[in-house]
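Raw contents of input-v3.cif, mmCIF, C-alpha atoms and all ligand atoms:
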data_final
#
loop_
_atom_site.label_atom_id
_atom_site.label_comp_id
_atom_site.auth_asym_id
_atom_site.auth_seq_id
_atom_site.Cartn_x
_atom_site.Cartn_y
_atom_site.Cartn_z
CA MET A 1 -5.06 21.44 -38.01
CA ARG A 2 -6.02 17.89 -38.84
CA SER A 3 -5.22 15.25 -36.24
CA THR A 4 -3.75 12.09 -37.71
CA SER A 5 -4.45 8.64 -36.34
CA ARG A 6 -0.85 8.49 -35.14
CA GLU A 7 -1.48 11.31 -32.69
CA ARG A 8 -4.34 9.42 -31.16
CA LEU A 9 -2.17 6.40 -30.38
CA TYR A 10 0.29 5.97 -27.56
CA ARG A 11 2.49 3.14 -26.45
CA THR A 12 3.09 2.16 -22.84
CA GLU A 13 4.37 -0.61 -20.67
CA ALA A 14 1.76 -1.75 -18.18
CA ILE A 15 1.01 -4.30 -15.51
CA ILE A 16 -2.57 -5.55 -15.46
CA LEU A 17 -3.86 -4.76 -11.96
CA ARG A 18 -7.50 -5.64 -12.33
CA ARG A 19 -9.89 -7.01 -14.97
CA GLN A 20 -13.64 -6.62 -15.09
CA ASP A 21 -16.11 -7.97 -17.65
CA PHE A 22 -17.49 -5.25 -19.85
CA GLY A 23 -20.29 -5.66 -22.39
CA GLU A 24 -20.51 -8.91 -24.36
CA ALA A 25 -16.90 -9.85 -24.95
CA ASP A 26 -14.75 -7.02 -23.60
CA LYS A 27 -12.74 -6.43 -20.49
CA LEU A 28 -12.20 -3.22 -18.61
CA LEU A 29 -8.56 -3.27 -17.52
CA THR A 30 -7.00 -1.34 -14.69
CA LEU A 31 -3.36 -0.83 -15.61
CA TYR A 32 -0.38 0.34 -13.67
CA THR A 33 2.09 2.10 -15.93
CA PRO A 34 5.48 3.78 -15.44
CA GLY A 35 4.48 7.12 -16.96
CA LEU A 36 0.73 7.46 -16.33
CA GLY A 37 0.39 5.69 -13.02
CA LYS A 38 -2.93 3.93 -12.75
CA THR A 39 -5.26 4.12 -15.70
CA ARG A 40 -8.26 2.27 -17.08
CA VAL A 41 -8.60 1.05 -20.64
CA LEU A 42 -10.91 -1.15 -22.64
CA ALA A 43 -9.69 -4.39 -24.22
CA LYS A 44 -12.21 -5.29 -26.89
CA GLY A 45 -13.15 -8.87 -27.73
CA VAL A 46 -10.63 -10.45 -25.35
CA ARG A 47 -13.22 -12.79 -23.85
CA LYS A 48 -13.71 -14.46 -27.24
CA PRO A 49 -11.79 -17.76 -27.42
CA LYS A 50 -9.95 -16.74 -30.58
CA SER A 51 -8.80 -13.35 -29.32
CA ARG A 52 -5.13 -12.72 -30.10
CA LYS A 53 -4.84 -10.00 -27.47
CA GLY A 54 -6.40 -12.05 -24.66
CA GLY A 55 -3.27 -13.83 -23.46
CA HIS A 56 -1.30 -10.60 -23.33
CA VAL A 57 -3.68 -8.84 -20.96
CA GLU A 58 -4.09 -11.53 -18.29
CA LEU A 59 -4.00 -10.46 -14.67
CA PHE A 60 -0.48 -9.53 -13.42
CA THR A 61 0.99 -9.67 -16.94
CA HIS A 62 3.64 -7.08 -17.74
CA SER A 63 2.87 -6.04 -21.30
CA ASN A 64 3.71 -3.58 -23.97
CA LEU A 65 0.50 -1.95 -25.14
CA LEU A 66 -0.48 0.26 -28.03
CA ILE A 67 -3.50 2.27 -26.98
CA ALA A 68 -5.89 4.48 -28.92
CA LYS A 69 -7.40 7.50 -27.25
CA GLY A 70 -11.16 7.14 -27.08
CA LYS A 71 -13.96 9.53 -26.22
CA SER A 72 -14.59 8.13 -22.75
CA LEU A 73 -12.25 5.15 -22.48
CA ASP A 74 -8.97 4.50 -24.24
CA ILE A 75 -8.80 1.24 -26.17
CA VAL A 76 -6.02 -1.35 -26.39
CA THR A 77 -5.17 -1.91 -30.03
CA GLN A 78 -2.06 -4.10 -29.69
CA ALA A 79 -0.63 -6.09 -26.79
CA GLU A 80 2.59 -8.00 -26.37
CA THR A 81 3.71 -9.81 -23.23
CA ILE A 82 7.03 -8.80 -21.65
CA HIS A 83 6.73 -10.97 -18.49
CA SER A 84 3.86 -13.35 -17.83
CA PHE A 85 4.90 -14.20 -14.25
CA LEU A 86 3.80 -17.81 -14.68
CA PRO A 87 4.99 -19.02 -11.24
CA ILE A 88 2.43 -16.70 -9.63
CA ARG A 89 -0.34 -18.25 -11.69
CA ARG A 90 0.67 -21.85 -11.03
CA GLU A 91 0.34 -21.77 -7.25
CA LEU A 92 -2.81 -20.51 -5.60
CA LEU A 93 -1.06 -19.17 -2.51
CA ARG A 94 1.34 -17.14 -4.65
CA THR A 95 -1.64 -15.93 -6.67
CA SER A 96 -3.40 -14.76 -3.52
CA TYR A 97 -0.32 -12.81 -2.39
CA ALA A 98 -0.10 -11.16 -5.79
CA TYR A 99 -3.80 -10.25 -5.52
CA TYR A 100 -3.06 -8.61 -2.22
CA ALA A 101 -0.13 -6.62 -3.64
CA ALA A 102 -2.27 -5.52 -6.60
CA GLU A 103 -5.19 -4.55 -4.39
CA LEU A 104 -2.92 -2.57 -2.09
CA LEU A 105 -1.42 -0.68 -5.02
CA ASP A 106 -4.89 -0.04 -6.44
CA LYS A 107 -6.27 1.31 -3.16
CA PHE A 108 -3.33 3.60 -2.43
CA THR A 109 -3.14 5.25 -5.85
CA GLY A 110 -5.31 7.69 -7.74
CA GLU A 111 -5.73 7.62 -11.50
CA ARG A 112 -3.14 9.23 -13.72
CA VAL A 113 -0.61 10.05 -11.02
CA GLU A 114 2.87 9.08 -12.18
CA ASN A 115 4.94 7.15 -9.65
CA ARG A 116 7.82 5.39 -11.32
CA PRO A 117 9.39 3.96 -8.13
CA LEU A 118 6.06 2.38 -7.28
CA PHE A 119 5.82 0.79 -10.73
CA ASP A 120 9.32 -0.62 -10.36
CA LEU A 121 8.53 -1.91 -6.87
CA PHE A 122 5.38 -3.68 -8.04
CA LEU A 123 7.15 -5.19 -11.03
CA ASP A 124 9.94 -6.47 -8.77
CA ALA A 125 7.45 -7.77 -6.21
CA LEU A 126 5.66 -9.89 -8.82
CA GLY A 127 8.98 -11.51 -9.66
CA TRP A 128 9.82 -12.12 -5.98
CA LEU A 129 6.36 -13.57 -5.28
CA GLY A 130 7.05 -16.10 -8.01
CA ASP A 131 10.18 -17.54 -6.46
CA ALA A 132 10.53 -16.50 -2.80
CA ASP A 133 10.32 -19.11 -0.04
CA ASP A 134 9.09 -16.54 2.45
CA LEU A 135 6.13 -14.86 0.77
CA ASP A 136 5.17 -12.95 3.92
CA LEU A 137 8.56 -11.30 3.96
CA VAL A 138 7.96 -10.13 0.38
CA LEU A 139 4.61 -8.61 1.37
CA ARG A 140 6.01 -6.82 4.41
CA TYR A 141 8.82 -5.38 2.29
CA PHE A 142 6.32 -4.40 -0.39
CA GLU A 143 3.96 -2.73 2.10
CA LEU A 144 6.69 -0.72 3.81
CA HIS A 145 8.13 0.56 0.57
CA LEU A 146 4.75 1.22 -1.03
CA LEU A 147 3.72 3.27 2.01
CA SER A 148 6.91 5.32 1.66
CA TYR A 149 6.22 6.01 -2.01
CA VAL A 150 2.65 7.16 -1.38
CA GLY A 151 3.43 9.38 1.60
CA TYR A 152 2.58 7.16 4.57
CA ARG A 153 6.06 6.00 5.55
CA PRO A 154 5.70 4.79 9.13
CA GLN A 155 8.00 6.52 11.61
CA LEU A 156 10.17 3.77 13.11
CA PHE A 157 13.03 5.75 14.62
CA GLN A 158 11.65 8.30 17.03
CA CYS A 159 8.61 8.91 19.21
CA LEU A 160 5.95 10.78 17.28
CA ARG A 161 4.91 12.71 20.36
CA CYS A 162 8.11 13.72 22.18
CA ALA A 163 10.58 13.15 19.29
CA ARG A 164 12.89 11.13 21.50
CA PRO A 165 14.86 8.50 19.53
CA ILE A 166 13.61 4.99 20.19
CA GLU A 167 16.45 2.67 21.08
CA SER A 168 16.36 -0.67 22.83
CA GLU A 169 13.15 -0.29 24.80
CA THR A 170 9.79 -1.81 24.00
CA SER A 171 7.78 0.90 22.25
CA VAL A 172 4.28 0.90 20.78
CA PHE A 173 3.06 1.37 17.23
CA SER A 174 0.16 3.76 16.88
CA PRO A 175 -1.69 3.59 13.54
CA ARG A 176 -3.34 6.92 14.30
CA HIS A 177 0.03 8.65 14.71
CA GLY A 178 1.61 6.74 11.84
CA GLY A 179 4.43 5.13 13.76
CA LEU A 180 6.11 4.67 17.11
CA LEU A 181 5.46 6.17 20.51
CA CYS A 182 7.97 5.76 23.34
CA PRO A 183 6.79 3.78 26.42
CA ARG A 184 5.95 6.98 28.30
CA CYS A 185 3.98 8.69 25.52
CA GLY A 186 2.33 5.42 24.50
CA GLU A 187 0.91 4.71 27.94
CA GLY A 188 -2.86 4.58 27.86
CA GLU A 189 -2.91 5.33 24.12
CA ARG A 190 -5.64 3.23 22.52
CA GLY A 191 -5.33 1.01 19.44
CA CYS A 192 -1.57 0.54 19.80
CA GLN A 193 0.52 -2.60 19.43
CA GLU A 194 3.63 -3.39 21.43
CA VAL A 195 6.84 -3.49 19.43
CA SER A 196 9.73 -5.46 20.89
CA PRO A 197 13.29 -4.33 20.10
CA GLN A 198 13.72 -7.41 17.91
CA MET A 199 10.56 -6.71 15.96
CA LEU A 200 11.61 -3.10 15.56
CA ALA A 201 14.98 -4.17 14.19
CA THR A 202 13.22 -6.30 11.55
CA LEU A 203 10.86 -3.49 10.57
CA ARG A 204 13.69 -0.99 10.28
CA TYR A 205 15.75 -3.39 8.22
CA LEU A 206 12.85 -4.00 5.84
CA GLN A 207 12.15 -0.29 5.56
CA THR A 208 15.70 0.83 4.83
CA ARG A 209 17.46 -2.01 3.01
CA ASP A 210 17.13 -3.37 -0.50
CA TYR A 211 15.26 -6.59 -1.06
CA VAL A 212 18.45 -8.45 -2.02
CA LEU A 213 19.54 -8.02 1.61
CA CYS A 214 16.09 -8.42 3.17
CA ARG A 215 15.44 -11.76 1.48
CA ARG A 216 18.17 -13.28 3.66
CA LEU A 217 16.28 -12.46 6.87
CA ARG A 218 14.94 -15.45 8.75
CA VAL A 219 11.67 -14.57 10.44
CA ASP A 220 9.85 -17.22 12.45
CA ARG A 221 6.10 -17.83 12.37
CA SER A 222 5.19 -15.93 15.53
CA ALA A 223 7.31 -12.90 14.57
CA HIS A 224 5.64 -12.96 11.16
CA GLU A 225 2.21 -12.97 12.76
CA GLU A 226 3.11 -9.92 14.84
CA LEU A 227 4.50 -8.07 11.83
CA GLU A 228 1.45 -8.93 9.76
CA THR A 229 -0.93 -7.75 12.48
CA LEU A 230 0.94 -4.47 12.81
CA MET A 231 1.00 -3.74 9.08
CA ARG A 232 -2.60 -4.77 8.53
CA ARG A 233 -3.84 -2.58 11.37
CA TYR A 234 -1.96 0.40 10.01
CA ILE A 235 -3.22 -0.22 6.48
CA ILE A 236 -6.84 -0.69 7.62
CA TYR A 237 -6.54 2.55 9.56
CA LEU A 238 -5.24 4.41 6.48
CA LEU A 239 -7.76 2.96 4.04
CA GLU A 240 -10.62 2.90 6.54
CA ARG A 241 -11.46 -0.59 5.35
CA LYS A 242 -10.24 -4.15 5.03
CA LEU A 243 -8.80 -5.48 1.81
CA LYS A 244 -10.78 -8.24 0.10
CA SER A 245 -7.68 -10.26 -0.72
CA VAL A 246 -6.87 -10.62 3.00
CA ASP A 247 -9.90 -12.92 3.35
CA PHE A 248 -8.68 -14.88 0.34
CA ILE A 249 -5.22 -15.38 1.85
CA ASN A 250 -6.70 -16.37 5.23
CA ALA A 251 -9.07 -18.89 3.62
CA LEU A 252 -6.19 -20.50 1.71
CA ARG A 253 -4.06 -20.73 4.83
CA LYS A 254 -6.93 -22.43 6.68
CA GLU A 255 -7.45 -24.85 3.81
CA GLU A 256 -3.76 -25.66 3.78
CA ALA A 257 -3.79 -26.30 7.51
CA ALA A 258 -6.89 -28.49 7.16
CA SER A 259 -5.40 -30.52 4.32
CA LEU A 260 -2.32 -31.23 6.42
CA THR A 261 -4.26 -32.43 9.44
CA PRO A 262 -5.50 -35.80 8.02
CA VAL A 263 -1.95 -36.63 6.90
CA LEU A 264 -0.64 -36.00 10.40
CA GLU A 265 -3.45 -37.98 11.99
CA LYS A 266 -2.76 -41.06 9.86
CA ARG A 267 0.83 -41.30 11.04
ZN ZN B 1 7.60 9.99 23.58
#
Could you write out this structure as structure tokens?
Ligand SMILES: [Zn+2]
Amino acid sequence: MRSTSRERLYRTEAIILRRQDFGEADKLLTLYTPGLGKTRVLAKGVRKPKSRKGGHVELFTHSNLLIAKGKSLDIVTQAETIHSFLPIRRELLRTSYAYYAAELLDKFTGERVENRPLFDLFLDALGWLGDADDLDLVLRYFELHLLSYVGYRPQLFQCLRCARPIESETSVFSPRHGGLLCPRCGEGERGCQEVSPQMLATLRYLQTRDYVLCRRLRVDRSAHEELETLMRRYIIYLLERKLKSVDFINALRKEEAASLTPVLEKR
């Protein structure tokens, strides 16, 4: 049987997760797709100024791609933008949060494992990161739901050692156990973080409600810092390493703080 060129082509929606230079003028793209999960493809010639495909395979772009099966790497033959998520690109802080979301997705997924809910979550998150006032809230929501979709949903309702429901007491979060321990079981347990009833209520809300409801939450700076510390510790424990984009976010925050200081001093 003769294979026609049509059989060697496939069409897919994709979000560009990562781009790396390849050869003289090409880019190696890491895509996240609804049907194939994460996959890597080659975009030829896109680093040339006149490339027509280039603009459609920018980082974080949601595109429609026509791809040809290759011997080692599949090759993008046509690309058309569906969403370019411009607001993320215009503001560096929003860009850094999108980097973080993309890096998280990349690290928690293997190649060619379909996970449609995860694709939808990431697509939604890119939209929210473009217009939300509280970007940290978006990331916490994204992390909690991503972890659920990849099998690491933190247990926030009962003690992981004695199974007792956690109610209005101060419990601890144990990254090693993957969730909460009651005060008694958590005593002396290393690497845990205290979780106040209020913090627990926020975490549970974020884990179980839709974003349309969660976006109305008002979380103050210190509560955000606690939530961020908790999620980062758990994620570092799971991945056994830090994410590069965390340093990027921290550097930007410092810069922002530094740029505000002279203004305040002049007053
Ligand atoms: Zn217990």
Got a sec to check which residues lie within 8 Å of ligand ZN 1 (chain B), using only C-alpha atoms and all ligand atoms, and send them as a list in words?
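So, counting only C-alpha atoms and all ligand atoms, the residues near ligand ZN 1 (chain B) are Gln158, Cys159, Leu160, Arg161, Cys162, Ala163, Arg164, Leu181, Cys182, Pro183, Arg184, Cys185 and Gly186 of chain A.
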Which is closer to Ala98 (chain A) than all the others in A:Asp210, A:Glu189, A:Glu114, A:Asp124, using only C-alpha atoms?
A:Asp124
Take the point (8.1, -14.2, 3.1) in the file's coordinates, draw a sphere of radius 12 Å around it, and report as a compact mmCIF listing (two decimals) with C-alpha atoms, in the frame of the given file every protein, DNA or RNA residue with an atom inside or on it, counting all atoms listed in the file.
# COMPACT_ATOMS: atom_id res chain seq x y z
CA LEU A 93 -1.06 -19.17 -2.51
CA ARG A 94 1.34 -17.14 -4.65
CA TYR A 97 -0.32 -12.81 -2.39
CA ALA A 125 7.45 -7.77 -6.21
CA TRP A 128 9.82 -12.12 -5.98
CA LEU A 129 6.36 -13.57 -5.28
CA GLY A 130 7.05 -16.10 -8.01
CA ASP A 131 10.18 -17.54 -6.46
CA ALA A 132 10.53 -16.50 -2.80
CA ASP A 133 10.32 -19.11 -0.04
CA ASP A 134 9.09 -16.54 2.45
CA LEU A 135 6.13 -14.86 0.77
CA ASP A 136 5.17 -12.95 3.92
CA LEU A 137 8.56 -11.30 3.96
CA VAL A 138 7.96 -10.13 0.38
CA LEU A 139 4.61 -8.61 1.37
CA ARG A 140 6.01 -6.82 4.41
CA TYR A 141 8.82 -5.38 2.29
CA PHE A 142 6.32 -4.40 -0.39
CA LEU A 206 12.85 -4.00 5.84
CA TYR A 211 15.26 -6.59 -1.06
CA CYS A 214 16.09 -8.42 3.17
CA ARG A 215 15.44 -11.76 1.48
CA ARG A 216 18.17 -13.28 3.66
CA LEU A 217 16.28 -12.46 6.87
CA ARG A 218 14.94 -15.45 8.75
CA VAL A 219 11.67 -14.57 10.44
CA ASP A 220 9.85 -17.22 12.45
CA ARG A 221 6.10 -17.83 12.37
CA ALA A 223 7.31 -12.90 14.57
CA HIS A 224 5.64 -12.96 11.16
CA GLU A 225 2.21 -12.97 12.76
CA LEU A 227 4.50 -8.07 11.83
CA GLU A 228 1.45 -8.93 9.76
Taking into account all atoms listed in the file, which residue in the set A:Glu24, A:Tyr234, A:Glu167, A:Leu213 is nearest to Gly191 (chain A)?
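Closest to Gly191 (chain A) of all the choices is A:Tyr234.
Of the listed residues A:Val46, A:Ala102, A:Leu147, A:Val195, the one whose atoms come nearest to Glu58 (chain A) is A:Val46, with distances taken using only C-alpha atoms.
Counting all atoms listed in the file and comparing A:Glu13, A:Asp247, A:Asp74, A:Glu255, the residue that lies closest to Tyr99 (chain A) is A:Asp247.
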State, in Å with one decimal place, the distance from CA of Phe22 (chain A) to CA of Ile75 (chain A).
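Computing the Euclidean distance for CA of Phe22 (chain A) and CA of Ile75 (chain A) yields 12.6 Å.
Going from CA of Ile67 (chain A) over to CA of Tyr10 (chain A), you cover 5.3 Å.
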Padded axis-aligned box of region 75-87 of chain A (4 Å per side), centre and edge lengths, Å, one decimal, as JSON:
{"center_x": -0.9, "center_y": -8.9, "center_z": -20.6, "size_x": 23.8, "size_y": 28.3, "size_z": 26.8}
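Going from CA of Gln78 (chain A) over to CA of Leu66 (chain A), you cover 4.9 Å.
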Given only C-alpha atoms as the counted atoms, nearest of A:Ala201, A:Val246, A:Leu121, A:Met231 to Phe173 (chain A)
A:Met231
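Nearest-residue note for Ile249 (chain A): choosing from A:Thr77, A:Ser174, A:Thr95, A:Gln20, the minimum distance belongs to A:Thr95, counting all atoms listed in the file.
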Extract, using all atoms listed in the file, all DNA, RNA and protein residues at most 12 Å from Lys71 (chain A), discarding same-chain residues fewer than 5 positions from it, and format them as a VMD selection string.
chain A and resid 8 41 to 42
Would you pick out the contacts of Pro34 (chain A) at 9 Å or less, using only C-alpha atoms, so that residues sharing its chain but fewer than 3 positions from it are not included, and give the list as a ChimeraX atom specification?
/A:12-14,37-38,114-120
